[in-house]
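*Asks:* Provided herewith: structure.cif, mmCIF, C-alpha atoms.
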data_start
loop_
_atom_site.label_atom_id
_atom_site.label_comp_id
_atom_site.auth_asym_id
_atom_site.auth_seq_id
_atom_site.Cartn_x
_atom_site.Cartn_y
_atom_site.Cartn_z
CA MET R 254 33.27 -30.81 36.93
CA VAL R 255 31.34 -28.33 34.75
CA ASN R 256 28.72 -26.25 36.53
CA PRO R 257 25.22 -27.44 35.42
CA GLY R 258 24.17 -23.87 34.68
CA LYS R 259 27.19 -23.27 32.46
CA ARG R 260 26.63 -26.59 30.71
CA MET R 261 23.01 -25.62 30.01
CA HIS R 262 24.04 -22.25 28.53
CA ARG R 263 26.69 -23.89 26.35
CA LEU R 264 24.21 -26.48 25.11
CA GLN R 265 21.66 -23.75 24.41
CA ALA R 266 24.24 -21.79 22.40
CA LEU R 267 25.29 -24.87 20.43
CA LEU R 268 21.73 -25.92 19.60
CA ALA R 269 20.85 -22.34 18.63
CA LEU R 270 23.82 -22.33 16.24
CA ARG R 271 23.08 -25.76 14.81
CA HIS R 272 19.35 -25.30 14.24
CA GLY R 273 17.03 -22.52 13.18
CA PRO R 274 16.74 -20.25 10.13
CA GLY R 275 19.79 -20.71 7.91
CA ALA R 276 20.68 -24.22 9.08
CA ALA R 277 21.27 -25.83 5.68
CA ILE R 278 23.90 -27.75 3.75
CA LEU R 279 24.90 -26.16 0.46
CA PRO R 280 25.58 -28.17 -2.69
CA PRO R 281 29.24 -28.63 -3.69
CA GLU R 282 28.79 -26.40 -6.76
CA ILE R 283 28.70 -23.27 -4.59
CA THR R 284 32.16 -21.70 -4.31
CA ARG R 285 31.46 -18.57 -2.20
CA ILE R 286 28.80 -16.18 -0.93
CA HIS R 287 29.06 -12.40 -0.83
CA MET R 288 26.71 -9.94 0.90
CA ASP R 289 26.66 -6.19 0.26
CA PHE R 290 24.49 -3.87 2.39
CA ALA R 291 24.62 -0.74 4.55
CA MET R 292 25.83 -0.40 8.12
CA LYS R 293 22.50 0.77 9.59
CA TRP R 294 19.11 -0.94 9.41
CA ASN R 295 17.05 1.87 7.89
CA ASP R 296 16.31 2.60 4.20
CA GLY R 297 15.62 -1.02 3.36
CA HIS R 298 18.63 -2.66 5.00
CA PHE R 299 16.87 -4.23 8.01
CA GLY R 300 16.19 -7.57 6.26
CA PRO R 301 19.80 -8.04 5.07
CA ARG R 302 21.15 -7.16 8.53
CA LYS R 303 18.80 -9.65 10.21
CA PHE R 304 19.77 -12.38 7.70
CA TRP R 305 23.44 -11.65 8.41
CA LYS R 306 22.93 -11.80 12.18
CA ASN R 307 20.54 -14.76 12.37
CA CYS R 308 21.03 -16.94 9.29
CA LEU R 309 24.60 -16.51 8.08
CA PRO R 310 26.23 -17.94 11.27
CA ARG R 311 24.24 -21.16 10.84
CA LEU R 312 25.09 -21.36 7.16
CA LYS R 313 28.76 -20.97 8.04
CA PHE R 314 28.51 -23.60 10.78
CA TRP R 315 27.18 -26.18 8.35
CA ASN R 316 29.39 -25.08 5.44
CA PRO R 317 32.73 -24.07 7.00
CA ALA R 318 34.73 -24.53 3.78
CA ILE R 319 32.67 -22.02 1.77
CA PRO R 320 33.93 -18.41 2.02
CA MET R 321 31.16 -16.02 3.14
CA LEU R 322 32.12 -12.35 2.96
CA VAL R 323 30.09 -9.40 4.22
CA ASN R 324 30.86 -6.00 2.72
CA ARG R 325 29.09 -3.09 4.44
CA THR R 326 28.99 0.57 3.56
CA SER R 327 28.03 3.79 5.33
CA ASP R 328 25.95 4.78 2.29
CA GLN R 329 22.38 3.94 3.26
CA SER R 330 21.19 4.57 -0.31
CA ALA R 331 23.44 1.78 -1.62
CA PRO R 332 21.94 -1.46 -2.94
CA ALA R 333 21.60 -4.52 -0.74
CA LYS R 334 22.60 -7.56 -2.75
CA MET R 335 23.66 -11.13 -2.15
CA SER R 336 25.90 -12.77 -4.73
CA ILE R 337 26.07 -16.57 -4.82
CA TYR R 338 28.90 -17.99 -6.90
CA PHE R 339 28.61 -21.42 -8.51
CA ARG R 340 31.22 -23.67 -10.05
CA GLN R 341 30.47 -24.24 -13.72
CA ALA R 342 29.00 -27.66 -14.45
CA SER R 343 31.95 -28.51 -16.68
CA LEU R 344 34.38 -28.10 -13.76
CA ALA R 345 34.75 -31.05 -11.40
CA SER R 346 33.90 -30.29 -7.78
CA ASP R 347 37.32 -31.48 -6.60
CA LYS R 348 39.16 -29.20 -9.04
CA PRO R 349 40.03 -25.76 -7.58
CA THR R 350 38.53 -22.72 -9.30
CA ALA R 351 40.69 -20.02 -10.85
CA LEU R 352 39.87 -17.83 -7.83
CA ALA R 353 41.02 -20.46 -5.33
CA SER R 354 44.30 -20.87 -7.22
CA LYS R 355 44.76 -17.09 -7.32
CA LEU R 356 44.07 -16.63 -3.60
CA ARG R 357 46.65 -19.23 -2.67
CA MET R 358 49.26 -17.02 -4.33
CA LEU R 359 48.31 -13.92 -2.28
CA PRO R 360 49.50 -13.09 1.24
CA LEU R 361 46.70 -13.40 3.81
CA ALA R 362 46.54 -9.63 4.35
CA GLN R 363 45.81 -9.07 0.64
CA GLN R 364 43.04 -11.63 0.35
CA PRO R 365 39.41 -10.43 0.21
CA HIS R 366 37.78 -10.16 3.63
CA SER R 367 34.64 -8.83 5.26
CA SER R 368 34.64 -5.05 5.53
CA THR R 369 32.73 -2.22 7.19
CA GLU R 370 34.19 0.36 4.82
CA ASN R 371 33.05 -0.98 1.44
CA GLU R 372 36.54 -2.29 0.70
CA HIS R 373 35.46 -5.50 -1.01
CA PRO R 374 32.24 -5.24 -3.02
CA ALA R 375 31.08 -8.36 -4.83
CA PRO R 376 33.48 -9.11 -7.69
CA GLU R 377 32.67 -10.44 -11.12
CA PRO R 378 32.68 -14.24 -11.37
CA GLU R 379 36.05 -15.79 -12.12
CA GLU R 380 36.78 -18.20 -14.91
CA GLY R 381 34.85 -21.38 -14.24
CA GLU R 382 32.21 -19.57 -12.13
CA ARG R 383 28.73 -18.15 -12.61
CA VAL R 384 26.90 -15.86 -10.20
CA VAL R 385 23.28 -15.68 -9.05
CA THR R 386 22.10 -12.60 -7.14
CA ILE R 387 19.33 -11.77 -4.68
CA ASP R 388 18.10 -8.19 -4.31
CA MET R 389 17.72 -7.90 -0.53
CA LYS R 390 16.72 -4.25 -0.19
CA HIS R 391 13.33 -3.77 1.49
CA VAL R 392 13.01 -7.58 1.71
CA HIS R 393 12.23 -9.43 4.96
CA SER R 394 14.93 -11.79 6.19
CA ASP R 395 12.54 -14.77 5.93
CA GLU R 396 11.92 -14.00 2.26
CA ILE R 397 15.66 -13.60 1.66
CA LEU R 398 16.18 -17.06 3.15
CA THR R 399 13.36 -18.52 1.04
CA GLN R 400 14.95 -17.13 -2.13
CA PHE R 401 18.38 -18.32 -1.01
CA ILE R 402 17.18 -21.91 -0.46
CA ALA R 403 15.36 -21.90 -3.81
CA LYS R 404 18.29 -20.50 -5.80
CA THR R 405 21.01 -22.60 -4.18
CA GLY R 406 19.19 -25.89 -3.73
CA ALA R 407 20.43 -25.99 -0.12
CA ALA R 408 19.17 -28.86 2.03
CA PRO R 409 17.71 -27.64 5.36
CA VAL R 410 19.08 -29.39 8.44
CA HIS R 411 16.51 -30.67 10.94
CA PRO R 412 17.14 -31.57 14.58
CA THR R 413 17.62 -35.23 15.43
CA PRO R 414 15.24 -36.90 17.93
CA ASP R 415 17.95 -36.59 20.61
CA GLU R 416 18.38 -32.89 19.87
CA LEU R 417 14.60 -32.33 19.98
CA MET R 418 14.58 -33.97 23.41
CA GLU R 419 17.43 -31.72 24.55
CA MET R 420 15.57 -28.67 23.26
CA ARG R 421 12.44 -29.65 25.21
CA GLN R 422 14.52 -30.24 28.34
CA LEU R 423 16.17 -26.82 27.95
CA GLU R 424 12.77 -25.17 27.51
CA GLU R 425 11.53 -26.86 30.68
CA LEU R 426 14.66 -25.76 32.57
CA ALA R 427 14.23 -22.20 31.29
CA GLU R 428 10.59 -22.16 32.41
CA ARG R 429 11.59 -23.54 35.82
CA ALA R 430 14.32 -20.91 36.08
CA ASP R 431 11.76 -18.16 35.33
CA VAL R 432 9.54 -19.45 38.14
CA ASP R 433 12.52 -19.67 40.53
CA ARG R 434 13.54 -16.09 39.66
CA ALA R 435 10.00 -14.85 40.30
CA ILE R 436 9.90 -16.61 43.70
CA ARG R 437 13.31 -15.23 44.66
CA LYS R 438 12.33 -11.73 43.54
CA LYS R 439 9.18 -11.87 45.68
CA TYR R 440 11.21 -13.09 48.66
CA LEU R 441 13.78 -10.29 48.27
CA ASP R 442 11.04 -7.70 47.80
CA ASP R 443 9.38 -8.90 51.01
CA VAL R 444 12.69 -8.78 52.91
CA ARG R 445 13.39 -5.23 51.70
CA ARG R 446 9.87 -4.11 52.57
CA GLU R 447 10.22 -5.53 56.11
CA GLU R 448 13.60 -3.80 56.48
CA ARG R 449 12.06 -0.49 55.42
CA MET R 450 9.19 -0.96 57.89
CA ARG R 451 11.62 -1.78 60.73
CA ALA R 452 13.74 1.25 59.86
CA LEU R 453 10.63 3.44 59.84
CA ALA R 454 9.52 2.00 63.20
CA ARG R 455 12.94 2.73 64.69
CA GLN R 456 12.79 6.30 63.41
CA GLU R 457 9.34 6.79 64.91
CA ALA R 458 10.43 5.28 68.26
CA GLU R 459 13.48 7.54 68.30
CA ALA R 460 11.31 10.55 67.51
CA ILE R 461 8.91 9.70 70.38
CA LYS R 462 11.85 9.21 72.75
CA MET R 463 13.33 12.58 71.81
CA ALA R 464 9.92 14.27 72.22
CA ASN R 465 9.52 12.88 75.78
CA GLN R 466 12.92 14.05 76.97
#
Rewrite the coordinates I just gave you, this time as structure tokens.
*Replies:*
Amino acid sequence: MVNPGKRMHRLQALLALRHGPGAAILPPEITRIHMDFAMKWNDGHFGPRKFWKNCLPRLKFWNPAIPMLVNRTSDQSAPAKMSIYFRQASLASDKPTALASKLRMLPLAQQPHSSTENEHPAPEPEEGERVVTIDMKHVHSDEILTQFIAKTGAAPVHPTPDELMEMRQLEELAERADVDRAIRKKYLDDVRREERMRALARQEAEAIKMANQ
């Protein structure tokens, strides 16, 4: 049987992944997403980093079939750009793009992947693709998400009534846990204070005994 505490933490993690900024279903015309920004948060790269940390995992959860690559560089002066690739309207959504056909021919190790060494900057669109970009430098993550939703036509995902109920229950449990922790902390603080007082009393009694000998 699963420990109730562990179950609560797992449910919290799942709901946090399923819902929140970035929880959206992308249209079938989108073939891939590419992010380029610097390793550190300064010089205008805080917004892109926050979008990557907070929003991209939810986008990937709801759109697992769409490749989402993150290419980072140690050059803080580099641009911060998101490239969103679309399938051309003339190409059926069930027909693989030229890129997909090309990647199937490459060994896994040679395929593009996320990088921390600027190994895979955003490429030019392949045949049958077009690309839309978002300049993310010095832009807040909320604004990046707003532009992303507007430019992609993504449909935000909202919690179901059952999920809203679970969220409220988790909030209540978290509040109750905070109260329980505060009560336990006070109890332990009181116990430690009494132990210190008893130790001090013993020291004083021993000192008096030694002085009377």
*Asks:* If we count only C-alpha atoms, what is near Gln400 (chain R) at a cut-off of 9 Å, once residues fewer than 5 positions away on the same chain are taken out, given as a list in words?
*Replies:* Ile387, Asp395 and Thr405 of chain R
*Asks:* Please provide the set of residues having any atom within 12 Å of His411 (chain R), restricted to all atoms listed in the file, with same-chain residues fewer than 4 positions apart removed, written as number ranges by chain.
*Replies:* R: 268, 271-278, 315, 415-417
*Asks:* To test your reading of the syntax: which residues would the PyMOL selection byres ((chain R and resi 374) around 6) return for the file shown? Reply as a ChimeraX atom specification.
*Replies:* /R:324,373,375
*Asks:* Can you work out the spacing between CA of Glu370 (chain R) and CA of Cys308 (chain R) in Å, to one decimal?
*Replies:* 22.2 Å
*Asks:* Which residues match the PyMOL selection byres ((chain R and resi 372) around 12) in the file above, as JSON, numbers by chain?
*Replies:* {"R": [289, 322, 323, 324, 325, 326, 327, 363, 364, 365, 366, 367, 368, 369, 370, 371, 373, 374, 375, 376]}
*Asks:* On this structure, the PyMOL selection byres ((chain R and resi 281) around 9) would catch which residues? List them as a list in words, sorted by chain and number.
*Replies:*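 Those residues are Leu279, Pro280, Glu282, Ile283, Thr284, Phe339, Arg340 and Ser346 of chain R.
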*Asks:* So the first atom is CA of Pro414 (chain R) and the second is CA of Arg263 (chain R); what is the distance between them in Å, to one decimal place?
*Replies:* 19.3 Å
*Asks:* To one decimal in Å, tell me the separation between CA of Arg302 (chain R) and CA of Pro378 (chain R).
*Replies:*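 Distance reported for this atom pair: 24.1 Å.
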*Asks:* Measuring between only C-alpha atoms, which one of R:Met450, R:Ala403, R:Ala291, R:Ile286 shows the shortest distance to Gln329 (chain R)?
*Replies:*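 Checking each of R:Met450, R:Ala403, R:Ala291, R:Ile286 against Gln329 (chain R), counting only C-alpha atoms, the winner is R:Ala291.
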*Asks:* Which residues, written as a PDB file with C-alpha atoms, in the frame of the given file, have at least one atom at most 6 Å from Met389 (chain R), with all atoms listed in the file counted and residues fewer than 6 positions away on the same chain left out?
*Replies:*
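Result written to around_20.pdb:
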ATOM      1  CA  PRO R 301      19.800  -8.040   5.070  1.00  0.00           C
ATOM      2  CA  ALA R 333      21.600  -4.520  -0.740  1.00  0.00           C
ATOM      3  CA  LYS R 334      22.600  -7.560  -2.750  1.00  0.00           C
TER       4      LYS R 334
END
*Asks:* Can you work out which one of R:Ser336, R:Val410, R:Leu426, R:Ala435 has the shortest atom-to-atom distance to Val384 (chain R), counting all atoms listed in the file?
*Replies:*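 Of R:Ser336, R:Val410, R:Leu426, R:Ala435, the one nearest Val384 (chain R) is R:Ser336, counting all atoms listed in the file.
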*Asks:* Extract, using only C-alpha atoms, all DNA, RNA and protein residues at most 10 Å from Lys303 (chain R), discarding same-chain residues fewer than 6 positions from it, and format them as number ranges by chain.
*Replies:* R: 294, 309, 393-395, 397
*Asks:* Ranking R:Ala269, R:Ala430, R:Phe290, R:Asn316 by minimum distance to Ala408 (chain R) and counting all atoms listed in the file, which one comes first?
*Replies:* R:Asn316
*Asks:* If we count only C-alpha atoms and set the cut-off at 7 Å, which residues sit around Lys390 (chain R), ignoring sequence neighbours fewer than 5 positions away in its own chain? Please answer as a PDB file with C-alpha atoms, keeping the file's coordinate frame.
*Replies:*
ATOM      1  CA  GLY R 297      15.620  -1.020   3.360  1.00  0.00           C
ATOM      2  CA  HIS R 298      18.630  -2.660   5.000  1.00  0.00           C
ATOM      3  CA  PRO R 332      21.940  -1.460  -2.940  1.00  0.00           C
ATOM      4  CA  ALA R 333      21.600  -4.520  -0.740  1.00  0.00           C
TER       5      ALA R 333
END
